[in-house]
>>> print(open('my_file_24.txt').read())   # compact mmCIF, N, CA and C atoms
# COMPACT_ATOMS: atom_id res chain seq x y z
N GLN A 20 -14.03 -29.07 13.41
CA GLN A 20 -14.30 -27.85 12.66
C GLN A 20 -13.03 -27.01 12.60
N VAL A 21 -12.81 -26.40 11.45
CA VAL A 21 -11.62 -25.56 11.23
C VAL A 21 -12.07 -24.13 11.01
N GLN A 22 -11.36 -23.22 11.62
CA GLN A 22 -11.64 -21.79 11.41
C GLN A 22 -10.39 -21.08 10.94
N LEU A 23 -10.57 -20.12 10.04
CA LEU A 23 -9.50 -19.26 9.59
C LEU A 23 -9.82 -17.84 10.03
N VAL A 24 -8.90 -17.23 10.75
CA VAL A 24 -9.12 -15.88 11.25
C VAL A 24 -8.04 -14.97 10.67
N GLU A 25 -8.49 -13.94 9.97
CA GLU A 25 -7.60 -13.02 9.29
C GLU A 25 -7.45 -11.73 10.07
N SER A 26 -6.33 -11.06 9.85
CA SER A 26 -6.12 -9.74 10.42
C SER A 26 -5.12 -8.98 9.56
N GLY A 27 -5.10 -7.66 9.73
CA GLY A 27 -4.05 -6.87 9.11
C GLY A 27 -4.47 -5.97 7.97
N GLY A 28 -5.73 -5.99 7.56
CA GLY A 28 -6.15 -5.10 6.48
C GLY A 28 -6.21 -3.66 6.95
N GLY A 29 -6.53 -2.76 6.02
CA GLY A 29 -6.66 -1.36 6.38
C GLY A 29 -6.55 -0.45 5.20
N LEU A 30 -6.40 0.84 5.50
CA LEU A 30 -6.27 1.88 4.48
C LEU A 30 -4.85 2.42 4.50
N VAL A 31 -4.22 2.40 3.33
CA VAL A 31 -2.85 2.91 3.22
C VAL A 31 -2.72 3.72 1.94
N GLN A 32 -1.69 4.55 1.90
CA GLN A 32 -1.39 5.30 0.68
C GLN A 32 -0.58 4.43 -0.28
N ALA A 33 -0.68 4.74 -1.53
CA ALA A 33 0.10 4.02 -2.54
C ALA A 33 1.58 4.11 -2.20
N GLY A 34 2.26 2.97 -2.43
CA GLY A 34 3.68 2.90 -2.14
C GLY A 34 4.02 2.37 -0.76
N ARG A 35 3.01 2.33 0.12
CA ARG A 35 3.26 1.86 1.47
C ARG A 35 3.06 0.34 1.54
N SER A 36 3.19 -0.19 2.76
CA SER A 36 3.13 -1.64 2.96
C SER A 36 2.06 -2.03 3.97
N LEU A 37 1.59 -3.25 3.83
CA LEU A 37 0.69 -3.88 4.80
C LEU A 37 1.08 -5.34 4.92
N ARG A 38 0.77 -5.91 6.07
CA ARG A 38 0.98 -7.34 6.24
C ARG A 38 -0.32 -7.97 6.72
N LEU A 39 -0.75 -9.00 5.99
CA LEU A 39 -1.94 -9.75 6.35
C LEU A 39 -1.53 -11.05 7.04
N SER A 40 -2.34 -11.45 8.01
CA SER A 40 -2.09 -12.69 8.73
C SER A 40 -3.36 -13.52 8.77
N CYS A 41 -3.19 -14.82 8.72
CA CYS A 41 -4.34 -15.73 8.78
C CYS A 41 -3.93 -16.95 9.60
N ALA A 42 -4.68 -17.22 10.65
CA ALA A 42 -4.38 -18.35 11.52
C ALA A 42 -5.49 -19.39 11.43
N ALA A 43 -5.10 -20.64 11.23
CA ALA A 43 -6.06 -21.74 11.20
C ALA A 43 -6.11 -22.40 12.56
N SER A 44 -7.31 -22.65 13.03
CA SER A 44 -7.48 -23.30 14.32
C SER A 44 -8.51 -24.40 14.21
N GLY A 45 -8.41 -25.35 15.12
CA GLY A 45 -9.32 -26.48 15.12
C GLY A 45 -8.60 -27.68 15.69
N SER A 46 -9.05 -28.85 15.32
CA SER A 46 -8.40 -30.05 15.85
C SER A 46 -8.34 -31.12 14.77
N ALA A 47 -7.32 -31.94 14.88
CA ALA A 47 -7.17 -33.13 14.04
C ALA A 47 -7.21 -32.82 12.55
N PHE A 48 -6.42 -31.86 12.12
CA PHE A 48 -6.37 -31.58 10.70
C PHE A 48 -4.93 -31.40 10.24
N THR A 49 -4.73 -31.59 8.94
CA THR A 49 -3.44 -31.36 8.30
C THR A 49 -3.64 -30.38 7.17
N ILE A 50 -2.80 -29.37 7.14
CA ILE A 50 -2.91 -28.35 6.10
C ILE A 50 -2.04 -28.74 4.92
N ASN A 51 -2.65 -28.85 3.75
CA ASN A 51 -1.90 -29.17 2.54
C ASN A 51 -1.31 -27.93 1.89
N GLY A 52 -1.96 -26.82 2.05
CA GLY A 52 -1.48 -25.58 1.46
C GLY A 52 -2.36 -24.44 1.91
N MET A 53 -1.83 -23.24 1.83
CA MET A 53 -2.59 -22.04 2.19
C MET A 53 -2.37 -20.97 1.14
N GLY A 54 -3.26 -20.00 1.12
CA GLY A 54 -3.09 -18.97 0.12
C GLY A 54 -3.92 -17.74 0.41
N TRP A 55 -3.77 -16.78 -0.47
CA TRP A 55 -4.53 -15.53 -0.41
C TRP A 55 -5.17 -15.27 -1.77
N TYR A 56 -6.41 -14.89 -1.72
CA TYR A 56 -7.16 -14.49 -2.90
C TYR A 56 -7.73 -13.10 -2.63
N ARG A 57 -8.14 -12.42 -3.68
CA ARG A 57 -8.76 -11.11 -3.48
C ARG A 57 -9.92 -10.91 -4.44
N GLU A 58 -10.82 -10.07 -4.00
CA GLU A 58 -12.03 -9.80 -4.79
C GLU A 58 -12.27 -8.30 -4.76
N ALA A 59 -12.11 -7.69 -5.92
CA ALA A 59 -12.37 -6.26 -6.07
C ALA A 59 -13.82 -6.05 -6.49
N PRO A 60 -14.38 -4.88 -6.23
CA PRO A 60 -15.77 -4.63 -6.61
C PRO A 60 -16.01 -4.87 -8.10
N GLY A 61 -17.02 -5.66 -8.42
CA GLY A 61 -17.36 -5.93 -9.80
C GLY A 61 -16.46 -6.93 -10.49
N LYS A 62 -15.54 -7.53 -9.75
CA LYS A 62 -14.62 -8.49 -10.36
C LYS A 62 -14.72 -9.84 -9.65
N GLN A 63 -14.25 -10.86 -10.34
CA GLN A 63 -14.24 -12.19 -9.74
C GLN A 63 -13.08 -12.33 -8.77
N ARG A 64 -13.24 -13.25 -7.85
CA ARG A 64 -12.15 -13.55 -6.92
C ARG A 64 -10.97 -14.10 -7.70
N GLU A 65 -9.77 -13.61 -7.39
CA GLU A 65 -8.58 -14.05 -8.10
C GLU A 65 -7.49 -14.46 -7.12
N LEU A 66 -6.64 -15.35 -7.60
CA LEU A 66 -5.52 -15.80 -6.79
C LEU A 66 -4.50 -14.69 -6.66
N VAL A 67 -3.97 -14.51 -5.45
CA VAL A 67 -2.88 -13.57 -5.21
C VAL A 67 -1.58 -14.35 -5.02
N ALA A 68 -1.58 -15.28 -4.09
CA ALA A 68 -0.39 -16.07 -3.80
C ALA A 68 -0.79 -17.32 -3.04
N VAL A 69 -0.06 -18.40 -3.28
CA VAL A 69 -0.29 -19.64 -2.56
C VAL A 69 1.04 -20.22 -2.13
N ILE A 70 0.99 -21.02 -1.07
CA ILE A 70 2.18 -21.70 -0.57
C ILE A 70 1.80 -23.11 -0.16
N THR A 71 2.60 -24.08 -0.58
CA THR A 71 2.32 -25.47 -0.25
C THR A 71 2.89 -25.82 1.12
N SER A 72 2.54 -27.00 1.59
CA SER A 72 3.08 -27.45 2.87
C SER A 72 4.59 -27.58 2.82
N GLY A 73 5.12 -27.81 1.62
CA GLY A 73 6.57 -27.92 1.46
C GLY A 73 7.28 -26.59 1.27
N GLY A 74 6.50 -25.51 1.17
CA GLY A 74 7.09 -24.19 1.05
C GLY A 74 7.18 -23.64 -0.36
N SER A 75 6.70 -24.37 -1.34
CA SER A 75 6.70 -23.84 -2.71
C SER A 75 5.65 -22.75 -2.82
N THR A 76 5.98 -21.72 -3.59
CA THR A 76 5.07 -20.57 -3.71
C THR A 76 4.72 -20.29 -5.16
N ASN A 77 3.59 -19.62 -5.33
CA ASN A 77 3.17 -19.19 -6.65
C ASN A 77 2.45 -17.85 -6.48
N TYR A 78 2.69 -16.93 -7.41
CA TYR A 78 2.13 -15.59 -7.31
C TYR A 78 1.43 -15.19 -8.59
N ALA A 79 0.43 -14.35 -8.45
CA ALA A 79 -0.15 -13.71 -9.61
C ALA A 79 0.89 -12.77 -10.22
N ASP A 80 0.88 -12.65 -11.53
CA ASP A 80 1.85 -11.79 -12.19
C ASP A 80 1.78 -10.35 -11.68
N SER A 81 0.60 -9.92 -11.34
CA SER A 81 0.41 -8.52 -10.93
C SER A 81 1.06 -8.18 -9.59
N VAL A 82 1.41 -9.20 -8.80
CA VAL A 82 2.00 -8.94 -7.47
C VAL A 82 3.43 -9.44 -7.34
N LYS A 83 3.93 -10.11 -8.36
CA LYS A 83 5.30 -10.64 -8.29
C LYS A 83 6.30 -9.52 -8.04
N GLY A 84 7.21 -9.77 -7.11
CA GLY A 84 8.22 -8.77 -6.78
C GLY A 84 7.76 -7.77 -5.74
N ARG A 85 6.46 -7.75 -5.44
CA ARG A 85 5.94 -6.80 -4.43
C ARG A 85 5.37 -7.51 -3.21
N PHE A 86 4.77 -8.65 -3.42
CA PHE A 86 4.14 -9.41 -2.33
C PHE A 86 4.97 -10.65 -2.01
N THR A 87 4.97 -11.03 -0.75
CA THR A 87 5.66 -12.24 -0.33
C THR A 87 4.75 -13.03 0.60
N ILE A 88 4.54 -14.31 0.26
CA ILE A 88 3.74 -15.18 1.10
C ILE A 88 4.68 -16.08 1.90
N SER A 89 4.34 -16.30 3.16
CA SER A 89 5.14 -17.19 4.00
C SER A 89 4.21 -17.91 4.96
N LYS A 90 4.74 -18.98 5.55
CA LYS A 90 3.90 -19.80 6.43
C LYS A 90 4.69 -20.24 7.64
N ASP A 91 4.03 -20.21 8.77
CA ASP A 91 4.65 -20.67 10.02
C ASP A 91 3.62 -21.53 10.74
N LYS A 92 3.82 -22.83 10.74
CA LYS A 92 2.86 -23.78 11.32
C LYS A 92 1.49 -23.56 10.67
N ASN A 93 0.52 -23.15 11.43
CA ASN A 93 -0.84 -23.00 10.90
C ASN A 93 -1.20 -21.56 10.58
N THR A 94 -0.20 -20.71 10.41
CA THR A 94 -0.42 -19.31 10.10
C THR A 94 0.23 -18.97 8.76
N VAL A 95 -0.50 -18.23 7.94
CA VAL A 95 0.05 -17.78 6.67
C VAL A 95 0.07 -16.25 6.67
N LEU A 96 1.16 -15.70 6.18
CA LEU A 96 1.34 -14.25 6.13
C LEU A 96 1.44 -13.79 4.69
N LEU A 97 1.00 -12.58 4.44
CA LEU A 97 1.17 -11.95 3.13
C LEU A 97 1.75 -10.56 3.37
N GLN A 98 3.02 -10.41 3.05
CA GLN A 98 3.66 -9.11 3.13
C GLN A 98 3.46 -8.39 1.81
N MET A 99 2.82 -7.25 1.87
CA MET A 99 2.49 -6.50 0.66
C MET A 99 3.25 -5.18 0.67
N ASN A 100 4.17 -5.03 -0.26
CA ASN A 100 4.97 -3.82 -0.38
C ASN A 100 4.61 -3.08 -1.66
N SER A 101 5.00 -1.82 -1.72
CA SER A 101 4.76 -1.01 -2.92
C SER A 101 3.32 -1.13 -3.39
N LEU A 102 2.40 -0.96 -2.47
CA LEU A 102 0.99 -1.14 -2.80
C LEU A 102 0.52 -0.11 -3.82
N LYS A 103 -0.41 -0.56 -4.66
CA LYS A 103 -0.97 0.28 -5.71
C LYS A 103 -2.49 0.39 -5.51
N PRO A 104 -3.11 1.43 -6.02
CA PRO A 104 -4.57 1.53 -5.90
C PRO A 104 -5.29 0.31 -6.46
N GLU A 105 -4.75 -0.31 -7.48
CA GLU A 105 -5.39 -1.48 -8.06
C GLU A 105 -5.29 -2.72 -7.18
N ASP A 106 -4.55 -2.63 -6.09
CA ASP A 106 -4.53 -3.73 -5.11
C ASP A 106 -5.73 -3.66 -4.16
N THR A 107 -6.51 -2.60 -4.25
CA THR A 107 -7.68 -2.46 -3.39
C THR A 107 -8.66 -3.59 -3.63
N ALA A 108 -9.01 -4.30 -2.56
CA ALA A 108 -9.91 -5.44 -2.66
C ALA A 108 -10.16 -6.00 -1.27
N VAL A 109 -11.10 -6.92 -1.20
CA VAL A 109 -11.23 -7.76 0.00
C VAL A 109 -10.33 -8.97 -0.19
N TYR A 110 -9.47 -9.19 0.76
CA TYR A 110 -8.51 -10.29 0.68
C TYR A 110 -9.00 -11.45 1.55
N TYR A 111 -9.00 -12.64 0.94
CA TYR A 111 -9.48 -13.83 1.62
C TYR A 111 -8.34 -14.84 1.77
N CYS A 112 -8.23 -15.37 2.96
CA CYS A 112 -7.29 -16.45 3.22
C CYS A 112 -7.95 -17.77 2.87
N SER A 113 -7.17 -18.70 2.34
CA SER A 113 -7.69 -20.04 2.06
C SER A 113 -6.75 -21.09 2.63
N ALA A 114 -7.32 -22.23 2.95
CA ALA A 114 -6.51 -23.35 3.43
C ALA A 114 -7.10 -24.64 2.89
N ASP A 115 -6.27 -25.47 2.28
CA ASP A 115 -6.68 -26.80 1.82
C ASP A 115 -6.32 -27.77 2.94
N ILE A 116 -7.35 -28.31 3.56
CA ILE A 116 -7.16 -29.06 4.79
C ILE A 116 -7.61 -30.50 4.61
N ASN A 117 -6.79 -31.41 5.09
CA ASN A 117 -7.11 -32.83 5.04
C ASN A 117 -7.80 -33.23 6.32
N LEU A 118 -9.00 -33.75 6.17
CA LEU A 118 -9.78 -34.24 7.31
C LEU A 118 -10.25 -35.63 6.97
N GLY A 119 -9.77 -36.61 7.71
CA GLY A 119 -10.24 -37.97 7.52
C GLY A 119 -9.99 -38.50 6.13
N GLY A 120 -8.89 -38.05 5.49
CA GLY A 120 -8.55 -38.56 4.18
C GLY A 120 -9.13 -37.77 3.02
N PHE A 121 -9.96 -36.78 3.29
CA PHE A 121 -10.52 -35.92 2.25
C PHE A 121 -9.97 -34.51 2.42
N THR A 122 -9.83 -33.81 1.29
CA THR A 122 -9.31 -32.45 1.32
C THR A 122 -10.45 -31.47 1.09
N TYR A 123 -10.53 -30.50 1.97
CA TYR A 123 -11.55 -29.47 1.89
C TYR A 123 -10.87 -28.10 1.85
N ARG A 124 -11.48 -27.15 1.11
CA ARG A 124 -10.96 -25.78 1.09
C ARG A 124 -11.79 -24.93 2.05
N TYR A 125 -11.11 -24.32 2.96
CA TYR A 125 -11.74 -23.40 3.90
C TYR A 125 -11.35 -21.97 3.55
N TRP A 126 -12.24 -21.04 3.90
CA TRP A 126 -12.02 -19.62 3.61
C TRP A 126 -12.13 -18.80 4.89
N GLY A 127 -11.31 -17.76 4.95
CA GLY A 127 -11.47 -16.79 6.01
C GLY A 127 -12.62 -15.85 5.71
N GLN A 128 -12.87 -14.94 6.64
CA GLN A 128 -14.01 -14.04 6.52
C GLN A 128 -13.74 -12.87 5.59
N GLY A 129 -12.49 -12.66 5.26
CA GLY A 129 -12.12 -11.55 4.38
C GLY A 129 -11.69 -10.32 5.17
N THR A 130 -10.71 -9.62 4.63
CA THR A 130 -10.25 -8.38 5.25
C THR A 130 -10.06 -7.33 4.15
N GLN A 131 -10.55 -6.14 4.40
CA GLN A 131 -10.51 -5.09 3.38
C GLN A 131 -9.14 -4.43 3.34
N VAL A 132 -8.62 -4.31 2.13
CA VAL A 132 -7.39 -3.54 1.88
C VAL A 132 -7.75 -2.43 0.91
N THR A 133 -7.51 -1.20 1.32
CA THR A 133 -7.79 -0.05 0.47
C THR A 133 -6.52 0.77 0.31
N VAL A 134 -6.14 0.99 -0.94
CA VAL A 134 -4.92 1.74 -1.25
C VAL A 134 -5.32 3.03 -1.94
N SER A 135 -5.00 4.14 -1.32
CA SER A 135 -5.36 5.45 -1.89
C SER A 135 -4.21 5.98 -2.74
N SER A 136 -4.58 6.73 -3.77
CA SER A 136 -3.55 7.28 -4.67
C SER A 136 -3.05 8.62 -4.18
>>> encode(input="my_file_24.txt", output="structure tokens")
Amino acid sequence: QVQLVESGGGLVQAGRSLRLSCAASGSAFTINGMGWYREAPGKQRELVAVITSGGSTNYADSVKGRFTISKDKNTVLLQMNSLKPEDTAVYYCSADINLGGFTYRYWGQGTQVTVSS
């Protein structure tokens, strides 16, 4: 069994920074890639940033130049700078994990990020 545990959300003023962390734990798994998604009230979950096992990254246009995703072993970080009120959402960590030759997507429990104007 694989678990993703997130931390780092909170309430900040616009223009400030937050860093989200997500650690994967379990046994006998290989991570193919990790990422962050967010879900604002009344909206669908959307991709924020992803990083492959090789370190390639991809970002939503709305966060390019402000957010940085990085990975260290089984932990993925999201550094969020110059936060805007429209970044307010529940942020979910994801991990594409290989178990026994099959790839499964796991999700964290979500962490609330609220940006006040």
>>> atom_distance(input="my_file_24.txt", atom1="CA of Ile70 (chain A)", atom2="CA of Met53 (chain A)")
5.5 Å
>>> select_by_dssp(input="my_file_24.txt", residues="chain A", states="strand (DSSP E or B)", output="ChimeraX atom specification")
/A:22-26,29-32,37-44,49-58,65-71,76-78,86-91,94-99,108-118,121-126,130-135
>>> atom_distance(input="my_file_24.txt", atom1="CA of Asn100 (chain A)", atom2="CA of Ser40 (chain A)")
14.5 Å
>>> closest_residue(input="my_file_24.txt", among="A:Ala33, A:Ala42, A:Ile88, A:Val24", to="Thr130 (chain A)", atoms="only C-alpha atoms")
A:Val24
>>> residues_around(input="my_file_24.txt", residues="Tyr110 (chain A)", least_positions_apart="4", cutoff="5 Å", atoms="only N, CA and C atoms", output="tab-separated table (two decimals) with N, CA and C atoms, keeping the file's coordinate frame")
chain	number	residue	atom	x	y	z
A	56	TYR	N	-6.41	-14.89	-1.72
A	56	TYR	CA	-7.16	-14.49	-2.90
A	56	TYR	C	-7.73	-13.10	-2.63
A	57	ARG	N	-8.14	-12.42	-3.68
A	57	ARG	CA	-8.76	-11.11	-3.48
A	57	ARG	C	-9.92	-10.91	-4.44
A	129	GLY	N	-12.49	-12.66	5.26
A	129	GLY	CA	-12.12	-11.55	4.38
A	129	GLY	C	-11.69	-10.32	5.17
A	130	THR	N	-10.71	-9.62	4.63
A	130	THR	CA	-10.25	-8.38	5.25
A	130	THR	C	-10.06	-7.33	4.15
A	131	GLN	N	-10.55	-6.14	4.40
A	131	GLN	CA	-10.51	-5.09	3.38
A	131	GLN	C	-9.14	-4.43	3.34
>>> closest_residue(input="my_file_24.txt", among="A:Thr94, A:Asn77, A:Ser113, A:Gln20", to="Cys41 (chain A)", atoms="only C-alpha atoms")
A:Thr94
>>> residues_around(input="my_file_24.txt", residues="Ala68 (chain A)", least_positions_apart="5", cutoff="5 Å", atoms="only N, CA and C atoms", output="number ranges by chain")
A: 54-55, 77-79
